[in-house]
Structures are given as structure tokens and as C-alpha cells.
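Text of work_35.pdb (PDB, C-alpha atoms, pLDDT in the B column) as supplied:
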ATOM      1  CA  MET A 286      27.688   7.423  21.997  1.00 62.00           C
ATOM      2  CA  ALA A 287      24.794   8.594  24.078  1.00 66.00           C
ATOM      3  CA  SER A 288      27.061  10.686  26.249  1.00 68.00           C
ATOM      4  CA  ALA A 289      28.546  12.445  23.202  1.00 68.00           C
ATOM      5  CA  LEU A 290      25.065  13.115  21.874  1.00 74.00           C
ATOM      6  CA  ARG A 291      23.969  14.369  25.254  1.00 72.00           C
ATOM      7  CA  ALA A 292      26.970  16.712  25.471  1.00 69.00           C
ATOM      8  CA  ALA A 293      26.275  18.056  21.992  1.00 69.00           C
ATOM      9  CA  ILE A 294      22.671  18.728  22.868  1.00 74.00           C
ATOM     10  CA  LEU A 295      23.543  20.401  26.156  1.00 71.00           C
ATOM     11  CA  GLY A 296      26.082  22.571  24.398  1.00 68.00           C
ATOM     12  CA  HIS A 297      23.657  23.860  21.857  1.00 72.00           C
ATOM     13  CA  VAL A 298      20.306  23.915  23.588  1.00 71.00           C
ATOM     14  CA  ARG A 299      19.658  26.139  26.531  1.00 67.00           C
ATOM     15  CA  VAL A 300      17.498  24.898  29.357  1.00 65.00           C
ATOM     16  CA  PRO A 301      14.093  26.568  28.951  1.00 59.00           C
ATOM     17  CA  VAL A 302      12.553  28.235  31.964  1.00 62.00           C
ATOM     18  CA  VAL A 303       9.519  26.172  32.817  1.00 57.00           C
ATOM     19  CA  VAL A 304       6.414  28.280  32.358  1.00 53.00           C
ATOM     20  CA  ALA A 305       2.907  27.066  33.179  1.00 54.00           C
ATOM     21  CA  ASN A 306       1.856  26.595  29.593  1.00 55.00           C
ATOM     22  CA  GLY A 307       5.418  26.210  28.278  1.00 50.00           C
ATOM     23  CA  SER A 308       7.141  27.916  25.393  1.00 50.00           C
ATOM     24  CA  LYS A 309       5.921  26.364  22.191  1.00 52.00           C
ATOM     25  CA  LEU A 310       9.370  26.671  20.575  1.00 52.00           C
ATOM     26  CA  LEU A 311      11.620  24.856  23.041  1.00 50.00           C
ATOM     27  CA  ALA A 312       9.447  22.562  25.128  1.00 49.00           C
ATOM     28  CA  PRO A 313       8.604  20.042  22.376  1.00 52.00           C
ATOM     29  CA  LEU A 314      12.299  19.830  21.454  1.00 52.00           C
ATOM     30  CA  TRP A 315      13.304  18.887  24.997  1.00 53.00           C
ATOM     31  CA  THR A 316      10.637  16.286  25.635  1.00 53.00           C
ATOM     32  CA  HIS A 317      11.258  14.684  22.266  1.00 52.00           C
ATOM     33  CA  ARG A 318      15.027  14.527  22.829  1.00 52.00           C
ATOM     34  CA  THR A 319      15.088  13.124  26.339  1.00 52.00           C
ATOM     35  CA  THR A 320      12.562  10.395  25.649  1.00 54.00           C
ATOM     36  CA  ALA A 321      14.179   9.394  22.385  1.00 56.00           C
ATOM     37  CA  VAL A 322      17.769   9.265  23.642  1.00 59.00           C
ATOM     38  CA  ARG A 323      17.304   7.796  27.153  1.00 59.00           C
ATOM     39  CA  SER A 324      20.264   9.801  28.378  1.00 59.00           C
ATOM     40  CA  MET A 325      20.195   8.369  31.904  1.00 60.00           C
ATOM     41  CA  SER A 326      20.115   4.746  30.798  1.00 58.00           C
ATOM     42  CA  SER A 327      23.021   2.551  31.862  1.00 58.00           C
ATOM     43  CA  HIS A 328      22.349   0.090  29.058  1.00 58.00           C
ATOM     44  CA  ASP A 329      24.002   2.396  26.536  1.00 58.00           C
ATOM     45  CA  ASP A 330      27.549   1.183  27.104  1.00 65.00           C
ATOM     46  CA  HIS A 331      27.000  -1.268  24.264  1.00 75.00           C
ATOM     47  CA  LEU A 332      29.765  -1.407  21.708  1.00 80.00           C
ATOM     48  CA  GLU A 333      29.383   0.359  18.398  1.00 85.00           C
ATOM     49  CA  LYS A 334      29.160  -1.878  15.386  1.00 87.00           C
ATOM     50  CA  ASN A 335      32.033  -0.236  13.549  1.00 88.00           C
ATOM     51  CA  GLN A 336      34.211  -0.476  16.664  1.00 87.00           C
ATOM     52  CA  VAL A 337      33.502  -4.200  16.794  1.00 89.00           C
ATOM     53  CA  ILE A 338      34.245  -4.550  13.079  1.00 90.00           C
ATOM     54  CA  ASP A 339      37.551  -2.680  13.391  1.00 90.00           C
ATOM     55  CA  ARG A 340      38.743  -4.685  16.352  1.00 90.00           C
ATOM     56  CA  ILE A 341      37.843  -8.028  14.833  1.00 90.00           C
ATOM     57  CA  LEU A 342      39.499  -7.133  11.531  1.00 91.00           C
ATOM     58  CA  ASP A 343      42.642  -6.114  13.420  1.00 90.00           C
ATOM     59  CA  ILE A 344      42.735  -9.470  15.150  1.00 90.00           C
ATOM     60  CA  VAL A 345      42.326 -11.374  11.891  1.00 90.00           C
ATOM     61  CA  LYS A 346      44.910  -9.240  10.108  1.00 90.00           C
ATOM     62  CA  SER A 347      47.502  -9.743  12.827  1.00 90.00           C
ATOM     63  CA  PHE A 348      47.194 -13.519  12.546  1.00 90.00           C
ATOM     64  CA  PRO A 349      50.517 -14.709  11.048  1.00 88.00           C
ATOM     65  CA  LYS A 350      49.057 -16.967   8.378  1.00 87.00           C
ATOM     66  CA  VAL A 351      46.644 -14.376   7.044  1.00 87.00           C
ATOM     67  CA  ASP A 352      47.286 -11.975   4.177  1.00 87.00           C
ATOM     68  CA  PRO A 353      46.044  -8.624   5.566  1.00 86.00           C
ATOM     69  CA  SER A 354      45.000  -7.259   2.187  1.00 88.00           C
ATOM     70  CA  LYS A 355      42.376  -9.989   1.760  1.00 86.00           C
ATOM     71  CA  VAL A 356      40.597  -9.330   5.027  1.00 87.00           C
ATOM     72  CA  THR A 357      37.137  -7.802   4.697  1.00 88.00           C
ATOM     73  CA  PRO A 358      34.146  -7.939   7.032  1.00 88.00           C
ATOM     74  CA  GLU A 359      32.543 -10.671   4.927  1.00 88.00           C
ATOM     75  CA  VAL A 360      35.540 -12.912   4.518  1.00 89.00           C
ATOM     76  CA  HIS A 361      35.234 -16.617   5.318  1.00 89.00           C
ATOM     77  CA  PHE A 362      38.149 -18.009   7.332  1.00 88.00           C
ATOM     78  CA  GLN A 363      38.529 -21.359   5.659  1.00 88.00           C
ATOM     79  CA  LYS A 364      37.232 -20.657   2.182  1.00 87.00           C
ATOM     80  CA  ASP A 365      38.678 -17.203   1.487  1.00 86.00           C
ATOM     81  CA  LEU A 366      41.718 -17.004   3.736  1.00 86.00           C
ATOM     82  CA  GLY A 367      42.801 -20.617   3.333  1.00 86.00           C
ATOM     83  CA  LEU A 368      42.955 -21.390   7.052  1.00 88.00           C
ATOM     84  CA  ASP A 369      42.029 -24.700   8.633  1.00 88.00           C
ATOM     85  CA  SER A 370      39.817 -25.532  11.589  1.00 89.00           C
ATOM     86  CA  LEU A 371      42.679 -25.287  14.102  1.00 91.00           C
ATOM     87  CA  ASP A 372      43.389 -21.730  12.933  1.00 91.00           C
ATOM     88  CA  ASN A 373      39.675 -21.056  13.247  1.00 91.00           C
ATOM     89  CA  VAL A 374      39.802 -22.081  16.920  1.00 92.00           C
ATOM     90  CA  GLU A 375      42.851 -19.865  17.452  1.00 92.00           C
ATOM     91  CA  ILE A 376      41.180 -16.829  15.937  1.00 92.00           C
ATOM     92  CA  ILE A 377      38.069 -17.338  18.062  1.00 93.00           C
ATOM     93  CA  MET A 378      40.302 -17.613  21.143  1.00 93.00           C
ATOM     94  CA  ALA A 379      41.948 -14.320  20.216  1.00 92.00           C
ATOM     95  CA  ILE A 380      38.522 -12.712  19.808  1.00 92.00           C
ATOM     96  CA  GLU A 381      37.493 -14.054  23.217  1.00 92.00           C
ATOM     97  CA  GLU A 382      40.538 -12.448  24.800  1.00 90.00           C
ATOM     98  CA  GLU A 383      40.069  -9.137  23.026  1.00 90.00           C
ATOM     99  CA  PHE A 384      36.433  -8.713  24.047  1.00 89.00           C
ATOM    100  CA  LYS A 385      36.743 -10.461  27.408  1.00 90.00           C
ATOM    101  CA  LEU A 386      34.110 -13.048  26.540  1.00 89.00           C
ATOM    102  CA  GLU A 387      33.661 -16.750  27.118  1.00 90.00           C
ATOM    103  CA  ILE A 388      32.283 -18.333  23.982  1.00 91.00           C
ATOM    104  CA  PRO A 389      30.898 -21.860  24.583  1.00 91.00           C
ATOM    105  CA  ASP A 390      32.076 -24.649  22.291  1.00 89.00           C
ATOM    106  CA  LYS A 391      28.781 -25.070  20.509  1.00 89.00           C
ATOM    107  CA  GLU A 392      28.654 -21.428  19.493  1.00 90.00           C
ATOM    108  CA  ALA A 393      32.335 -21.301  18.663  1.00 90.00           C
ATOM    109  CA  ASP A 394      32.027 -24.188  16.232  1.00 89.00           C
ATOM    110  CA  LYS A 395      29.517 -22.208  14.206  1.00 90.00           C
ATOM    111  CA  ILE A 396      31.652 -19.087  13.860  1.00 90.00           C
ATOM    112  CA  ASP A 397      33.226 -19.609  10.469  1.00 89.00           C
ATOM    113  CA  SER A 398      33.614 -16.156   9.022  1.00 89.00           C
ATOM    114  CA  CYS A 399      34.244 -12.539   9.951  1.00 90.00           C
ATOM    115  CA  ALA A 400      30.582 -11.690   9.456  1.00 90.00           C
ATOM    116  CA  LEU A 401      29.425 -14.312  11.953  1.00 90.00           C
ATOM    117  CA  ALA A 402      32.080 -13.255  14.460  1.00 90.00           C
ATOM    118  CA  ILE A 403      31.078  -9.588  14.203  1.00 89.00           C
ATOM    119  CA  GLU A 404      27.416 -10.476  14.615  1.00 89.00           C
ATOM    120  CA  TYR A 405      28.096 -12.713  17.609  1.00 89.00           C
ATOM    121  CA  VAL A 406      30.237 -10.171  19.445  1.00 89.00           C
ATOM    122  CA  TYR A 407      27.890  -7.289  18.671  1.00 89.00           C
ATOM    123  CA  ASN A 408      24.898  -9.211  20.012  1.00 88.00           C
ATOM    124  CA  HIS A 409      26.688 -10.449  23.112  1.00 87.00           C
ATOM    125  CA  PRO A 410      25.616  -8.441  26.173  1.00 86.00           C
ATOM    126  CA  MET A 411      28.919  -8.886  27.987  1.00 85.00           C
ATOM    127  CA  ALA A 412      31.262  -7.686  25.248  1.00 84.00           C
ATOM    128  CA  SER A 413      33.572  -4.875  26.241  1.00 83.00           C
TER     129      SER A 413
ATOM    130  CA  MET B 185      60.720 -27.887  29.500  1.00 48.00           C
ATOM    131  CA  LEU B 186      58.412 -29.659  31.833  1.00 50.00           C
ATOM    132  CA  LEU B 187      56.028 -30.813  29.140  1.00 53.00           C
ATOM    133  CA  HIS B 188      57.025 -34.076  27.443  1.00 51.00           C
ATOM    134  CA  ALA B 189      59.330 -34.935  30.331  1.00 48.00           C
ATOM    135  CA  HIS B 190      57.420 -38.147  31.000  1.00 51.00           C
ATOM    136  CA  THR B 191      55.841 -38.863  27.637  1.00 50.00           C
ATOM    137  CA  PRO B 192      54.422 -42.367  27.707  1.00 51.00           C
ATOM    138  CA  SER B 193      54.873 -44.511  24.635  1.00 48.00           C
ATOM    139  CA  ALA B 194      51.916 -44.981  22.312  1.00 46.00           C
ATOM    140  CA  SER B 195      51.479 -48.658  23.115  1.00 45.00           C
ATOM    141  CA  TYR B 196      50.849 -47.833  26.743  1.00 49.00           C
ATOM    142  CA  PHE B 197      47.424 -46.493  25.785  1.00 49.00           C
ATOM    143  CA  GLN B 198      46.451 -48.757  22.911  1.00 48.00           C
ATOM    144  CA  GLU B 199      44.193 -51.702  23.619  1.00 48.00           C
ATOM    145  CA  GLY B 200      46.017 -54.007  21.212  1.00 48.00           C
ATOM    146  CA  LYS B 201      43.110 -56.398  20.574  1.00 49.00           C
ATOM    147  CA  MET B 202      41.173 -56.108  17.304  1.00 52.00           C
ATOM    148  CA  ALA B 203      37.817 -57.082  18.822  1.00 51.00           C
ATOM    149  CA  THR B 204      37.685 -54.144  21.237  1.00 57.00           C
ATOM    150  CA  ALA B 205      38.888 -51.414  18.880  1.00 63.00           C
ATOM    151  CA  VAL B 206      38.294 -47.962  20.333  1.00 71.00           C
ATOM    152  CA  PRO B 207      36.816 -45.601  17.726  1.00 79.00           C
ATOM    153  CA  PRO B 208      39.204 -42.779  16.824  1.00 81.00           C
ATOM    154  CA  PRO B 209      38.273 -39.351  18.177  1.00 85.00           C
ATOM    155  CA  SER B 210      35.982 -37.257  16.027  1.00 87.00           C
ATOM    156  CA  ARG B 211      36.886 -33.881  14.576  1.00 86.00           C
ATOM    157  CA  LYS B 212      34.819 -32.141  17.230  1.00 88.00           C
ATOM    158  CA  GLU B 213      36.619 -33.898  20.064  1.00 90.00           C
ATOM    159  CA  ILE B 214      39.990 -32.949  18.671  1.00 91.00           C
ATOM    160  CA  LEU B 215      38.979 -29.327  18.247  1.00 92.00           C
ATOM    161  CA  SER B 216      37.550 -29.334  21.751  1.00 92.00           C
ATOM    162  CA  LEU B 217      40.834 -30.708  23.104  1.00 93.00           C
ATOM    163  CA  PHE B 218      42.709 -27.980  21.245  1.00 93.00           C
ATOM    164  CA  ARG B 219      40.388 -25.363  22.694  1.00 92.00           C
ATOM    165  CA  SER B 220      40.834 -26.721  26.238  1.00 92.00           C
ATOM    166  CA  PHE B 221      44.579 -26.519  25.717  1.00 92.00           C
ATOM    167  CA  LEU B 222      44.453 -22.887  24.667  1.00 92.00           C
ATOM    168  CA  ARG B 223      42.110 -22.032  27.540  1.00 92.00           C
ATOM    169  CA  SER B 224      44.384 -23.700  30.060  1.00 92.00           C
ATOM    170  CA  THR B 225      47.386 -21.735  28.821  1.00 91.00           C
ATOM    171  CA  ARG B 226      45.677 -18.500  29.839  1.00 89.00           C
ATOM    172  CA  THR B 227      46.023 -19.399  33.494  1.00 88.00           C
ATOM    173  CA  PHE B 228      49.827 -19.456  33.413  1.00 88.00           C
ATOM    174  CA  SER B 229      51.267 -16.542  35.307  1.00 84.00           C
ATOM    175  CA  ASP B 230      54.600 -16.354  33.464  1.00 85.00           C
ATOM    176  CA  TYR B 231      54.567 -14.789  29.992  1.00 87.00           C
ATOM    177  CA  ASN B 232      57.302 -17.053  28.606  1.00 88.00           C
ATOM    178  CA  ILE B 233      55.731 -20.310  29.684  1.00 89.00           C
ATOM    179  CA  ARG B 234      52.322 -19.211  28.467  1.00 90.00           C
ATOM    180  CA  GLU B 235      53.611 -18.307  25.020  1.00 91.00           C
ATOM    181  CA  TYR B 236      55.696 -21.476  24.779  1.00 92.00           C
ATOM    182  CA  THR B 237      52.793 -23.745  25.722  1.00 92.00           C
ATOM    183  CA  LYS B 238      50.509 -22.028  23.213  1.00 92.00           C
ATOM    184  CA  ARG B 239      53.076 -22.323  20.421  1.00 93.00           C
ATOM    185  CA  ARG B 240      53.889 -25.938  21.300  1.00 92.00           C
ATOM    186  CA  ALA B 241      50.214 -26.923  21.355  1.00 92.00           C
ATOM    187  CA  ILE B 242      49.551 -25.249  18.002  1.00 92.00           C
ATOM    188  CA  ASP B 243      52.636 -26.860  16.422  1.00 92.00           C
ATOM    189  CA  ALA B 244      51.830 -30.302  17.798  1.00 91.00           C
ATOM    190  CA  PHE B 245      48.247 -30.236  16.555  1.00 91.00           C
ATOM    191  CA  HIS B 246      49.315 -29.043  13.135  1.00 90.00           C
ATOM    192  CA  HIS B 247      52.025 -31.681  12.956  1.00 89.00           C
ATOM    193  CA  ASN B 248      49.556 -34.465  13.690  1.00 88.00           C
ATOM    194  CA  LYS B 249      46.853 -33.001  11.468  1.00 84.00           C
ATOM    195  CA  THR B 250      47.722 -35.218   8.508  1.00 83.00           C
ATOM    196  CA  LEU B 251      47.571 -38.561  10.300  1.00 80.00           C
ATOM    197  CA  SER B 252      45.114 -40.940   8.697  1.00 80.00           C
ATOM    198  CA  ASN B 253      45.714 -44.223  10.507  1.00 85.00           C
ATOM    199  CA  PRO B 254      42.985 -44.429  13.194  1.00 86.00           C
ATOM    200  CA  SER B 255      45.196 -46.062  15.788  1.00 89.00           C
ATOM    201  CA  SER B 256      47.837 -43.359  15.460  1.00 90.00           C
ATOM    202  CA  VAL B 257      45.117 -40.712  15.649  1.00 90.00           C
ATOM    203  CA  SER B 258      43.872 -42.274  18.892  1.00 91.00           C
ATOM    204  CA  ALA B 259      47.408 -42.453  20.231  1.00 91.00           C
ATOM    205  CA  ALA B 260      48.045 -38.805  19.437  1.00 91.00           C
ATOM    206  CA  PHE B 261      44.727 -37.870  21.036  1.00 91.00           C
ATOM    207  CA  SER B 262      45.531 -39.747  24.241  1.00 92.00           C
ATOM    208  CA  ASP B 263      48.949 -38.134  24.305  1.00 92.00           C
ATOM    209  CA  GLY B 264      47.246 -34.774  23.905  1.00 92.00           C
ATOM    210  CA  LYS B 265      44.892 -35.477  26.794  1.00 93.00           C
ATOM    211  CA  TYR B 266      47.828 -36.457  28.985  1.00 94.00           C
ATOM    212  CA  GLN B 267      49.678 -33.259  28.071  1.00 93.00           C
ATOM    213  CA  LEU B 268      46.591 -31.224  28.833  1.00 93.00           C
ATOM    214  CA  HIS B 269      46.548 -32.801  32.267  1.00 94.00           C
ATOM    215  CA  VAL B 270      50.237 -31.902  32.693  1.00 94.00           C
ATOM    216  CA  ALA B 271      49.610 -28.318  31.566  1.00 92.00           C
ATOM    217  CA  LYS B 272      46.735 -27.832  33.988  1.00 92.00           C
ATOM    218  CA  ARG B 273      48.731 -29.246  36.871  1.00 93.00           C
ATOM    219  CA  GLN B 274      51.737 -27.114  36.034  1.00 91.00           C
ATOM    220  CA  ALA B 275      49.623 -23.981  35.768  1.00 90.00           C
ATOM    221  CA  LEU B 276      48.526 -24.583  39.341  1.00 90.00           C
ATOM    222  CA  VAL B 277      52.062 -25.271  40.561  1.00 90.00           C
ATOM    223  CA  TYR B 278      53.496 -22.222  38.778  1.00 88.00           C
ATOM    224  CA  SER B 279      50.847 -19.984  40.242  1.00 86.00           C
ATOM    225  CA  ILE B 280      51.882 -21.032  43.752  1.00 88.00           C
ATOM    226  CA  TYR B 281      55.553 -20.229  43.124  1.00 85.00           C
ATOM    227  CA  SER B 282      55.057 -17.320  40.745  1.00 78.00           C
ATOM    228  CA  PRO B 283      57.696 -14.573  40.757  1.00 77.00           C
ATOM    229  CA  THR B 284      56.616 -11.256  42.222  1.00 76.00           C
ATOM    230  CA  VAL B 285      58.005  -9.214  39.319  1.00 78.00           C
ATOM    231  CA  LYS B 286      56.023  -9.659  36.121  1.00 76.00           C
ATOM    232  CA  SER B 287      57.733 -10.002  32.767  1.00 77.00           C
ATOM    233  CA  ILE B 288      57.995  -6.755  30.794  1.00 78.00           C
ATOM    234  CA  MET B 289      55.933  -8.223  27.966  1.00 77.00           C
ATOM    235  CA  ASP B 290      52.920  -8.551  30.244  1.00 75.00           C
ATOM    236  CA  ILE B 291      52.616  -4.880  30.969  1.00 73.00           C
ATOM    237  CA  ASN B 292      50.221  -3.128  28.575  1.00 67.00           C
ATOM    238  CA  TYR B 293      50.686   0.578  28.219  1.00 62.00           C
TER     239      TYR B 293
END
Written as C-alpha cells, that's how I'd like the structure from this file.
Amino acid sequence: MASALRAAILGHVRVPVVVANGSKLLAPLWTHRTTAVRSMSSHDDHLEKNQVIDRILDIVKSFPKVDPSKVTPEVHFQKDLGLDSLDNVEIIMAIEEEFKLEIPDKEADKIDSCALAIEYVYNHPMAS
Amino acid sequence: MLLHAHTPSASYFQEGKMATAVPPPSRKEILSLFRSFLRSTRTFSDYNIREYTKRRAIDAFHHNKTLSNPSSVSAAFSDGKYQLHVAKRQALVYSIYSPTVKSIMDINY
């Protein structure tokens, strides 16, 4: 996301020639942009929230016992979709494989719904 | 298939005496066993065996889900632990003798 933003900025803003007292029009724009966006930061390969939501919903929808039309980002696995705890474990396994994570048992037992899964994956630093 | 080739009978694991009754496994232990099963299936190198083991584990756990008698629950749990041991051992053995050509289903394009 940062790289797309950076490319858009570079496409539309020309590099100002640095003058001793600076051009009042362009200099503030540049300093504001580069400090706000942190374009050189390597921490920006974090997943987007809507990417995470889409991928998790795809996983839940492709589960054979689930009716795809009922799946929303707030749906609860056992209460709304009628699954049981074994299916819950299976879905969490599928999420682990999709995002290349290792979810410990204690955390995995708490993930009961799509919303919790999305939050967990989004906040996990190693998700990819 | 190699699983269930040497399935021991339930009485082999049961204590038999009423005074030293082993408490049946809790829900968490069963779910943790199921999770260990699914994790161990990831290490199989062959697509077919991996998918079979996953399906078989899921079917077996669902089949025994409705048991209510504590001794049969304990027996099923011990059987499950034994099968997990078999699966882990077989994953190691298969990885030593794995075929060089991967199954077509494993290739993601």
C-alpha cells in the first residue's frame, strides 16, 4: 500500500530544486508527505484488513459443511453456521495454512467466530 | 492402508478395576489430540496419504463424537493417541522413501 502511494506521489509531484530558503509552495508538501508515509520503512508489508477479511471468508465459504450465503465477517462458527468444535479446529487449521502461521492451542481455543479470526490474523506480525 | 493395521482391542488399554477408574479425557484434551493429528498430517510428503489421513481423522472423530459412556470415551481416546503415534512414525518413514516426482495436485500454479 505504501509503495502504491509512493508511486502515485512520485508520478504527480515533481522533485523541487532545493533552494536556500526553499519554495514555499512545494517544500511543505514534500516534508509533510515523507514523514507521514514513512516510504522507506520495511514494516509496511503488513496485510490490509480487507485482504485478510476476503481470504478468511473464502476459507470459511469453501468449507464443505458451510452454506456460503450465510458467511459474513461477523458470523459465529458454532452459533450461526451450525458447526461443532471439531469443525472449528479444522477451520483454524485451514487459516493457519493460508496465512502461514502457527496458532498456539490456547489462542486457537478462543477463536470462535469470523470476527475473532480476522482480528487475530490482522494483529499477528508474521501473517503473510 | 497402514493405519489401523495393528489396532489393539479396547480392553488392552482399560484398567478394568472400579477402584482405580481413570477419568475420561476432557473436551480440551480431545480437541488438542485432533489438532495434533491435523498438524502431523502436514508433514506427509505424498498428497494422497496426507489427504487420506486428514479425512480419516476427521471422520473418526466425528463418528466417536456421540459417545457418552466414559470408558468407551477413554478407549477411543487411547486408540486415537496410538494412531497419532502411528501417523507420526509413518510420516517420518514416508519422508525417507518419498518419490522424487510430486503428485500433480501438489503443484500450485
Find the nearest atom pair between each residue of chain B and chain A for residues within 9 Å, count all atoms listed in the file, give distances in Å to one decimal, sort rows by chain and ascending number, and present the table as a tab-separated table.
residue	atom	partner	partner_atom	distance
B:Lys212	CA	A:Asp394	CA	8.5
B:Leu215	CA	A:Leu371	CA	6.9
B:Ser216	CA	A:Asp390	CA	7.2
B:Phe218	CA	A:Leu371	CA	7.6
B:Arg219	CA	A:Val374	CA	6.7
B:Leu222	CA	A:Met378	CA	7.6
B:Arg223	CA	A:Met378	CA	8.0
B:Ile242	CA	A:Leu371	CA	7.9
B:Phe245	CA	A:Leu371	CA	7.8
B:His246	CA	A:Leu371	CA	7.7
*Have a look at atom CA of A:Ile388 and atom CA of B:Ile280 and let me know their distance in Å, one decimal.*
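These two atoms are separated by 28.0 Å.
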*Just say which residues the PyMOL selection byres ((chain A and resi 356-362) around 8) picks in this file, as a VMD selection string.*
chain A and resid 338 342 345 to 346 352 to 355 363 to 369 373 397 to 400 403
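Compared by their closest atoms to A:His331, and using all atoms listed in the file, the residues A:Ala412, A:Pro349, A:Pro389, A:Ile376 rank with A:Ala412 nearest.
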*B:Tyr266, B:Asp230, B:Val257, B:Lys272: which is nearest B:Val285, counting only C-alpha atoms?*
B:Asp230
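Coordinates place atom CA of B:Leu217 at a distance of 17.3 Å from atom CA of B:Gln274.
Among the candidate residues B:Leu276, B:Met289, B:Leu268, B:Ala259, the one lying nearest to B:Val206 is B:Ala259, with distances computed using all atoms listed in the file.
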*For atom CA of B:Lys238 and atom CA of B:Thr225, quote the distance in Å rounded to one decimal.*
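Atom CA of B:Lys238 sits 6.4 Å away from atom CA of B:Thr225.
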*Give the answer as one residue: which of B:Ala271, B:Ile291, B:Ala260, B:Val277 has the shortest atom-to-atom distance to B:Pro208, using all atoms listed in the file?*
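Checking each candidate against B:Pro208, we get B:Ala260 as the closest.
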*Could you give me, as number ranges by chain, the residues within 8 Å of B:Phe228, counting only C-alpha atoms and dropping anything in the same chain fewer than 3 positions from it?*
B: 224-225, 231, 233-234, 275-276, 278-279
*Might you spell out which residues the PyMOL selection byres ((chain A and resi 404-409) around 8) would select in the displayed file, as a PyMOL selection string?*
chain A and resi 332-334+337+384+400-403+410-412
*Choose the residue, out of B:Gln267, B:Ser262, B:Ser256, B:Thr284, that has the smallest atom-to-atom separation from B:Thr237; count all atoms listed in the file.*
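Of B:Gln267, B:Ser262, B:Ser256, B:Thr284, the one nearest B:Thr237, counting all atoms listed in the file, is B:Gln267.
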Can you pull out the residues contacting A:Ile344? Cut-off 8 Å, using all atoms listed in the file, and skip same-chain residues under 3 positions away; I want them as a CSV table (one decimal) with C-alpha atoms, in the coordinates of the input.
chain,number,residue,atom,x,y,z
A,340,ARG,CA,38.7,-4.7,16.4
A,341,ILE,CA,37.8,-8.0,14.8
A,347,SER,CA,47.5,-9.7,12.8
A,348,PHE,CA,47.2,-13.5,12.5
A,376,ILE,CA,41.2,-16.8,15.9
A,379,ALA,CA,41.9,-14.3,20.2
A,380,ILE,CA,38.5,-12.7,19.8
